[in-house]
$ cat start18.csv   # CSV, C-alpha atoms and all ligand atoms
chain,number,residue,atom,x,y,z
A,1,MET,CA,59.1,62.1,-127.6
A,2,ASP,CA,62.8,62.5,-126.5
A,3,SER,CA,64.0,65.7,-124.9
A,4,LYS,CA,65.9,66.8,-128.0
A,5,GLN,CA,62.7,66.7,-130.1
A,6,LYS,CA,60.9,68.5,-127.2
A,7,SER,CA,63.6,71.3,-127.2
A,8,LYS,CA,63.3,71.7,-131.0
A,9,ASN,CA,59.5,72.0,-130.8
A,10,TYR,CA,59.6,74.3,-127.7
A,11,PHE,CA,62.1,76.8,-129.1
A,12,ASN,CA,60.6,76.7,-132.6
A,13,ARG,CA,57.2,77.7,-131.0
A,14,ASN,CA,58.7,80.3,-128.6
A,15,SER,CA,61.6,81.9,-130.5
A,16,SER,CA,60.0,85.4,-130.5
A,17,THR,CA,58.9,85.4,-126.9
A,18,PHE,CA,61.8,83.6,-125.3
A,19,ILE,CA,62.7,85.2,-121.9
A,20,ASN,CA,66.3,86.0,-123.0
A,21,ARG,CA,65.2,88.2,-126.0
A,22,ASN,CA,65.7,91.2,-123.8
A,23,GLY,CA,68.9,90.0,-122.2
A,24,TYR,CA,67.7,88.2,-119.1
A,25,TRP,CA,71.2,86.7,-118.6
A,26,ASN,CA,73.1,89.9,-119.4
A,27,HIS,CA,74.9,89.8,-116.1
A,28,ASP,CA,76.4,86.4,-117.0
A,29,TYR,CA,77.2,87.5,-120.5
A,30,ARG,CA,79.2,90.5,-119.1
A,31,ILE,CA,81.4,88.0,-117.2
A,32,THR,CA,81.8,85.5,-120.0
A,33,SER,CA,82.5,88.1,-122.6
A,34,GLU,CA,85.3,89.6,-120.4
A,35,ILE,CA,86.8,86.1,-119.9
A,36,LEU,CA,86.9,85.5,-123.6
A,37,ARG,CA,88.0,89.0,-124.6
A,38,ARG,CA,91.1,88.7,-122.4
A,39,ARG,CA,92.1,85.5,-124.3
A,40,TYR,CA,92.2,87.4,-127.6
A,41,VAL,CA,90.1,84.9,-129.6
A,42,MET,CA,90.1,85.4,-133.4
A,43,ASN,CA,87.1,83.2,-134.0
A,44,LEU,CA,84.4,81.8,-131.7
A,45,VAL,CA,81.4,79.6,-132.0
A,46,ASP,CA,78.4,79.8,-129.6
A,47,ILE,CA,76.7,76.5,-129.3
A,48,GLY,CA,72.9,76.6,-128.6
A,49,CYS,CA,73.1,80.3,-129.5
A,50,GLY,CA,69.3,80.8,-129.3
A,51,ASN,CA,68.2,84.2,-130.5
A,52,GLY,CA,71.8,85.4,-130.6
A,53,ALA,CA,71.8,87.4,-127.4
A,54,PHE,CA,75.3,86.4,-126.4
A,55,LEU,CA,76.7,86.8,-129.9
A,56,ALA,CA,75.3,90.3,-130.2
A,57,ARG,CA,76.9,91.2,-126.9
A,58,TYR,CA,80.2,89.7,-127.8
A,59,HIS,CA,80.2,91.5,-131.2
A,60,SER,CA,79.8,94.8,-129.4
A,61,VAL,CA,82.9,94.2,-127.1
A,62,SER,CA,85.1,92.4,-129.7
A,63,PRO,CA,84.0,93.5,-133.2
A,64,GLN,CA,87.1,92.0,-134.8
A,65,THR,CA,86.3,88.4,-133.7
A,66,ARG,CA,84.7,86.2,-136.4
A,67,LEU,CA,81.5,84.8,-134.9
A,68,SER,CA,79.6,81.6,-135.6
A,69,GLY,CA,76.6,80.0,-133.9
A,70,LEU,CA,74.8,76.7,-133.9
A,71,ASP,CA,71.3,75.9,-132.7
A,72,LEU,CA,68.9,73.0,-132.9
A,73,SER,CA,65.9,75.2,-133.5
A,74,ARG,CA,65.3,76.5,-137.0
A,75,GLU,CA,63.3,79.5,-135.7
A,76,MET,CA,66.1,80.4,-133.2
A,77,VAL,CA,68.6,80.3,-136.0
A,78,GLN,CA,66.4,82.7,-137.9
A,79,ARG,CA,66.1,85.1,-134.9
A,80,SER,CA,69.9,85.1,-134.4
A,81,ARG,CA,70.6,85.7,-138.1
A,82,GLU,CA,68.4,88.8,-138.0
A,83,ARG,CA,69.9,90.0,-134.7
A,84,VAL,CA,73.6,89.4,-135.6
A,85,PRO,CA,74.0,89.5,-139.4
A,86,GLU,CA,77.8,89.6,-139.0
A,87,ALA,CA,77.8,86.1,-137.6
A,88,ASP,CA,77.6,82.8,-139.5
A,89,ILE,CA,74.7,80.9,-137.8
A,90,ILE,CA,73.7,77.4,-138.8
A,91,GLU,CA,71.1,74.9,-137.7
A,92,GLY,CA,72.5,71.7,-136.1
A,93,ASP,CA,72.9,69.4,-133.2
A,94,ALA,CA,75.6,70.0,-130.6
A,95,GLU,CA,76.1,66.3,-130.3
A,96,ARG,CA,77.1,66.0,-134.0
A,97,MET,CA,78.5,69.3,-135.0
A,98,PRO,CA,78.9,70.2,-138.7
A,99,PHE,CA,82.3,71.8,-138.1
A,100,ASP,CA,85.9,70.6,-139.0
A,101,CYS,CA,88.3,69.5,-136.3
A,102,ASP,CA,90.6,72.2,-134.9
A,103,SER,CA,88.6,75.1,-136.3
A,104,PHE,CA,88.0,77.6,-133.4
A,105,ASP,CA,89.9,79.5,-130.8
A,106,ALA,CA,86.9,79.5,-128.5
A,107,VAL,CA,83.7,77.5,-128.0
A,108,SER,CA,81.0,79.0,-125.7
A,109,CYS,CA,77.7,77.5,-124.6
A,110,HIS,CA,75.3,79.6,-122.6
A,111,MET,CA,72.3,78.0,-120.8
A,112,SER,CA,72.0,75.2,-123.4
A,113,ILE,CA,73.8,72.1,-122.0
A,114,HIS,CA,70.9,71.4,-119.6
A,115,HIS,CA,68.9,70.7,-122.8
A,116,HIS,CA,71.3,68.1,-124.1
A,117,PRO,CA,70.4,64.5,-123.4
A,118,HIS,CA,74.0,63.4,-123.8
A,119,PRO,CA,76.1,66.4,-122.6
A,120,GLU,CA,79.3,64.2,-122.7
A,121,ARG,CA,78.9,63.9,-126.5
A,122,SER,CA,78.5,67.7,-126.9
A,123,LEU,CA,81.6,68.3,-124.8
A,124,LYS,CA,83.6,65.8,-126.8
A,125,GLU,CA,82.5,67.6,-130.0
A,126,MET,CA,83.5,71.0,-128.5
A,127,HIS,CA,86.9,69.5,-127.8
A,128,ARG,CA,87.2,68.2,-131.4
A,129,ILE,CA,86.4,71.5,-133.1
A,130,LEU,CA,88.7,73.6,-130.9
A,131,LYS,CA,92.2,74.4,-131.9
A,132,ARG,CA,95.0,73.3,-129.5
A,133,ASN,CA,95.0,75.6,-126.5
A,134,GLY,CA,91.6,76.8,-127.4
A,135,THR,CA,89.1,77.8,-124.7
A,136,VAL,CA,85.8,76.1,-123.8
A,137,LEU,CA,83.4,78.1,-121.8
A,138,ILE,CA,80.1,76.7,-120.3
A,139,ASN,CA,77.6,79.0,-118.7
A,140,GLU,CA,74.9,77.1,-116.8
A,141,ILE,CA,72.3,77.0,-114.1
A,142,THR,CA,72.8,75.2,-110.8
A,143,GLY,CA,71.6,75.1,-107.2
A,144,PRO,CA,71.9,73.0,-104.0
A,145,ALA,CA,71.5,69.2,-104.4
A,146,TRP,CA,67.8,69.2,-103.3
A,147,MET,CA,67.0,71.9,-105.9
A,148,ARG,CA,68.8,70.1,-108.7
A,149,LYS,CA,67.0,66.9,-107.8
A,150,LEU,CA,63.6,68.7,-107.8
A,151,MET,CA,64.3,70.5,-111.1
A,152,ASN,CA,65.6,67.4,-112.8
A,153,TRP,CA,62.4,65.6,-111.8
A,154,CYS,CA,60.3,68.5,-113.0
A,155,PHE,CA,62.1,68.4,-116.4
A,156,THR,CA,60.8,64.9,-117.0
A,157,ARG,CA,57.2,66.3,-116.7
A,158,TRP,CA,57.7,69.5,-118.7
A,159,ASN,CA,57.5,69.9,-122.5
A,160,THR,CA,60.4,72.4,-122.6
A,161,GLY,CA,63.1,69.8,-123.5
A,162,ASP,CA,65.1,70.7,-120.4
A,163,HIS,CA,67.1,67.5,-119.5
A,164,ALA,CA,69.3,68.0,-116.4
A,165,ILE,CA,71.2,70.6,-114.4
A,166,TYR,CA,74.5,69.8,-112.7
A,167,SER,CA,76.7,70.8,-109.8
A,168,ARG,CA,79.9,72.7,-110.5
A,169,PRO,CA,82.1,69.7,-109.6
A,170,GLN,CA,80.0,67.5,-111.9
A,171,MET,CA,80.4,69.9,-114.8
A,172,GLU,CA,84.2,70.2,-114.1
A,173,GLN,CA,84.4,66.4,-114.1
A,174,MET,CA,82.5,66.2,-117.4
A,175,LEU,CA,84.9,68.7,-119.0
A,176,THR,CA,87.9,66.9,-117.7
A,177,ARG,CA,86.6,63.6,-119.0
A,178,ALA,CA,86.0,65.1,-122.4
A,179,GLY,CA,89.8,65.9,-122.6
A,180,PHE,CA,90.0,69.5,-121.3
A,181,ARG,CA,92.7,70.7,-118.9
A,182,ASN,CA,92.9,73.6,-116.5
A,183,VAL,CA,89.2,73.2,-115.8
A,184,LYS,CA,87.8,75.7,-113.3
A,185,SER,CA,84.3,76.9,-112.5
A,186,THR,CA,83.1,80.0,-110.6
A,187,LEU,CA,79.7,81.2,-109.5
A,188,THR,CA,78.4,84.2,-111.5
A,189,THR,CA,75.2,84.5,-109.4
A,190,PRO,CA,73.9,82.2,-106.6
A,191,PHE,CA,72.2,80.0,-109.3
A,192,THR,CA,74.5,80.3,-112.3
A,193,TYR,CA,78.2,79.6,-113.0
A,194,VAL,CA,80.8,79.6,-115.7
A,195,CYS,CA,83.1,76.7,-116.2
A,196,VAL,CA,86.2,77.3,-118.3
A,197,GLY,CA,88.9,74.9,-119.7
A,198,ARG,CA,91.6,74.5,-122.4
A,199,LYS,CA,92.1,72.0,-125.1
B,201,LIG,C1,67.6,78.1,-122.8
B,201,LIG,S1,68.0,78.4,-124.5
B,201,LIG,C2,69.5,79.5,-124.4
B,201,LIG,C3,69.8,80.2,-125.7
B,201,LIG,C4,71.0,81.2,-125.6
B,201,LIG,N1,72.2,80.4,-125.5
B,201,LIG,C5,70.8,82.2,-124.6
B,201,LIG,O1,71.8,82.3,-123.8
B,201,LIG,O2,69.8,82.9,-124.6
B,201,LIG,C6,68.7,76.9,-125.0
B,201,LIG,C7,69.0,76.8,-126.5
B,201,LIG,O3,69.8,75.6,-126.8
B,201,LIG,C8,69.3,75.1,-128.0
B,201,LIG,N2,69.6,73.6,-128.0
B,201,LIG,C9,69.0,72.7,-127.2
B,201,LIG,N3,69.5,71.5,-127.5
B,201,LIG,C10,70.5,71.7,-128.5
B,201,LIG,C11,71.3,70.8,-129.2
B,201,LIG,N4,71.4,69.5,-128.9
B,201,LIG,N5,72.2,71.3,-130.1
B,201,LIG,C12,72.1,72.7,-130.3
B,201,LIG,N6,71.3,73.5,-129.7
B,201,LIG,C13,70.5,73.0,-128.8
B,201,LIG,C14,67.8,75.4,-128.0
B,201,LIG,O4,67.3,75.3,-129.3
B,201,LIG,C15,67.8,76.8,-127.4
B,201,LIG,O5,67.9,77.8,-128.4
$ encode --input "start18.csv" --output "structure tokens" --more "lines below"
Ligand SMILES: C[S@@+](CC[C@H](N)C(=O)[O-])C[C@H]1O[C@@H](n2cnc3c(N)ncnc32)[C@H](O)[C@@H]1O
Amino acid sequence: MDSKQKSKNYFNRNSSTFINRNGYWNHDYRITSEILRRRYVMNLVDIGCGNGAFLARYHSVSPQTRLSGLDLSREMVQRSRERVPEADIIEGDAERMPFDCDSFDAVSCHMSIHHHPHPERSLKEMHRILKRNGTVLINEITGPAWMRKLMNWCFTRWNTGDHAIYSRPQMEQMLTRAGFRNVKSTLTTPFTYVCVGRK
């Protein structure tokens, strides 16, 4: 079974008990919401939106922004629809998004890219659906090289669909290769970061 199918199964089974249901990553969301809020985005899509924790937070700080979400797991989509009825949430794959080109002012992706077997495809898709000058924001897990190596090895043994975590320079390089400019990352905690770029 490939890691995408494993992700789908894992999150379908665990949608109601997933660790972030009570805002495990709220600290990071505070930072990412503030970055996006300062850019006055009129519409935003959160990729791999899970149970809608980030969308709910963003709606509370910027109620005028039109929100969309996309997730591979049918059950997670259901949870986020219940949690953020104002948002338009659909089931789909980040590597082949069902959105038109040049549609959004901002694309965010919180703690999901490490599940994507071909992250470069997801990033190209994010670039395609963004309007010119639009913002991409990736929030992810990282760690020293030995820890990333160990975790990436563990992922091959787990059934959670986790695929790989990256260093900040690796993520910056991937965004730049996908066509983004002004790419810059900063640590949000010792083990998480945010990487932001413009189309
Ligand atoms: C660790 S959870 C994070 C969820 C949410 N973003 C949060 O911050 O709580 C990863 C999410 O990414 C979704 N996901 C994994 N692979 C995906 C893909 N290829 N396309 C869209 N969503 C995906 C999973 O279904 C899951 O809901």
$ closest_residue --input "start18.csv" --among "A:Lys131, A:Val84, A:Ile31, A:Val194" --to "Ala53 in chain A" --atoms "all atoms listed in the file"
A:Val84
$ atom_distance --input "start18.csv" --atom1 "CA of Cys101 in chain A" --atom2 "CA of Asn12 in chain A"
28.9 Å
$ closest_atom_pairs --input "start18.csv" --of "chain A" --to "ligand LIG 201 (chain B)" --cutoff "8 Å" --atoms "all atoms listed in the file" --output "Markdown table"
| residue | atom | partner | partner_atom | distance |
| --- | --- | --- | --- | --- |
| A:Lys4 | CA | B:LIG201 | N3 | 5.9 |
| A:Ser7 | CA | B:LIG201 | C9 | 5.6 |
| A:Lys8 | CA | B:LIG201 | O4 | 5.6 |
| A:Tyr10 | CA | B:LIG201 | O4 | 7.9 |
| A:Phe11 | CA | B:LIG201 | O4 | 5.4 |
| A:Asn12 | CA | B:LIG201 | O4 | 7.6 |
| A:Ser15 | CA | B:LIG201 | O5 | 7.8 |
| A:Ile19 | CA | B:LIG201 | O2 | 7.9 |
| A:Asn20 | CA | B:LIG201 | O2 | 4.9 |
| A:Arg21 | CA | B:LIG201 | O2 | 7.2 |
| A:Gly23 | CA | B:LIG201 | O2 | 7.5 |
| A:Tyr24 | CA | B:LIG201 | O2 | 7.9 |
| A:Trp25 | CA | B:LIG201 | O1 | 6.8 |
| A:Asp46 | CA | B:LIG201 | N1 | 7.5 |
| A:Ile47 | CA | B:LIG201 | C12 | 6.0 |
| A:Gly48 | CA | B:LIG201 | N6 | 3.7 |
| A:Cys49 | CA | B:LIG201 | N1 | 4.1 |
| A:Gly50 | CA | B:LIG201 | O5 | 3.4 |
| A:Asn51 | CA | B:LIG201 | O2 | 6.2 |
| A:Gly52 | CA | B:LIG201 | C4 | 6.6 |
| A:Ala53 | CA | B:LIG201 | O2 | 5.7 |
| A:Phe54 | CA | B:LIG201 | O1 | 6.0 |
| A:Leu70 | CA | B:LIG201 | C12 | 6.0 |
| A:Asp71 | CA | B:LIG201 | N6 | 3.8 |
| A:Leu72 | CA | B:LIG201 | N6 | 4.0 |
| A:Ser73 | CA | B:LIG201 | O4 | 4.4 |
| A:Met76 | CA | B:LIG201 | O5 | 5.7 |
| A:Glu91 | CA | B:LIG201 | C12 | 7.8 |
| A:Gly92 | CA | B:LIG201 | C12 | 5.9 |
| A:Asp93 | CA | B:LIG201 | N5 | 3.7 |
| A:Ala94 | CA | B:LIG201 | N5 | 3.7 |
| A:Glu95 | CA | B:LIG201 | N4 | 5.9 |
| A:Cys109 | CA | B:LIG201 | N1 | 6.3 |
| A:His110 | CA | B:LIG201 | N1 | 4.3 |
| A:Met111 | CA | B:LIG201 | C2 | 4.8 |
| A:Ser112 | CA | B:LIG201 | C6 | 4.0 |
| A:Ile113 | CA | B:LIG201 | N3 | 7.0 |
| A:His114 | CA | B:LIG201 | C9 | 7.9 |
| A:His115 | CA | B:LIG201 | N3 | 4.8 |
| A:His116 | CA | B:LIG201 | N4 | 5.0 |
| A:Pro117 | CA | B:LIG201 | N4 | 7.5 |
| A:Ser122 | CA | B:LIG201 | N4 | 7.6 |
| A:Gly161 | CA | B:LIG201 | C9 | 7.5 |
$ closest_residue --input "start18.csv" --among "A:Tyr166, A:Arg74, A:Ser185, A:Arg79" --to "Thr17 in chain A" --atoms "only C-alpha atoms"
A:Arg79
$ closest_residue --input "start18.csv" --among "A:Thr160, A:His127, A:Ala145, A:Ser16" --to "Arg83 in chain A" --atoms "only C-alpha atoms"
A:Ser16
$ residues_around --input "start18.csv" --residues "Asn182 in chain A" --least-positions-apart "2" --cutoff "8 Å" --atoms "only C-alpha atoms" --output "ChimeraX atom specification"
/A:180,184,196-198
$ write_last_selection --input "start18.csv" --atoms "C-alpha atoms" --output "compact mmCIF listing (two decimals), keeping the file's coordinate frame"
# COMPACT_ATOMS: atom_id res chain seq x y z
CA PHE A 180 90.00 69.50 -121.30
CA LYS A 184 87.80 75.70 -113.30
CA VAL A 196 86.20 77.30 -118.30
CA GLY A 197 88.90 74.90 -119.70
CA ARG A 198 91.60 74.50 -122.40
$ atom_distance --input "start18.csv" --atom1 "CA of His59 in chain A" --atom2 "CA of Glu75 in chain A"
21.2 Å
$ closest_residue --input "start18.csv" --among "A:Leu123, A:Met1, A:Met42, A:Met151" --to "Val136 in chain A" --atoms "only C-alpha atoms"
A:Leu123
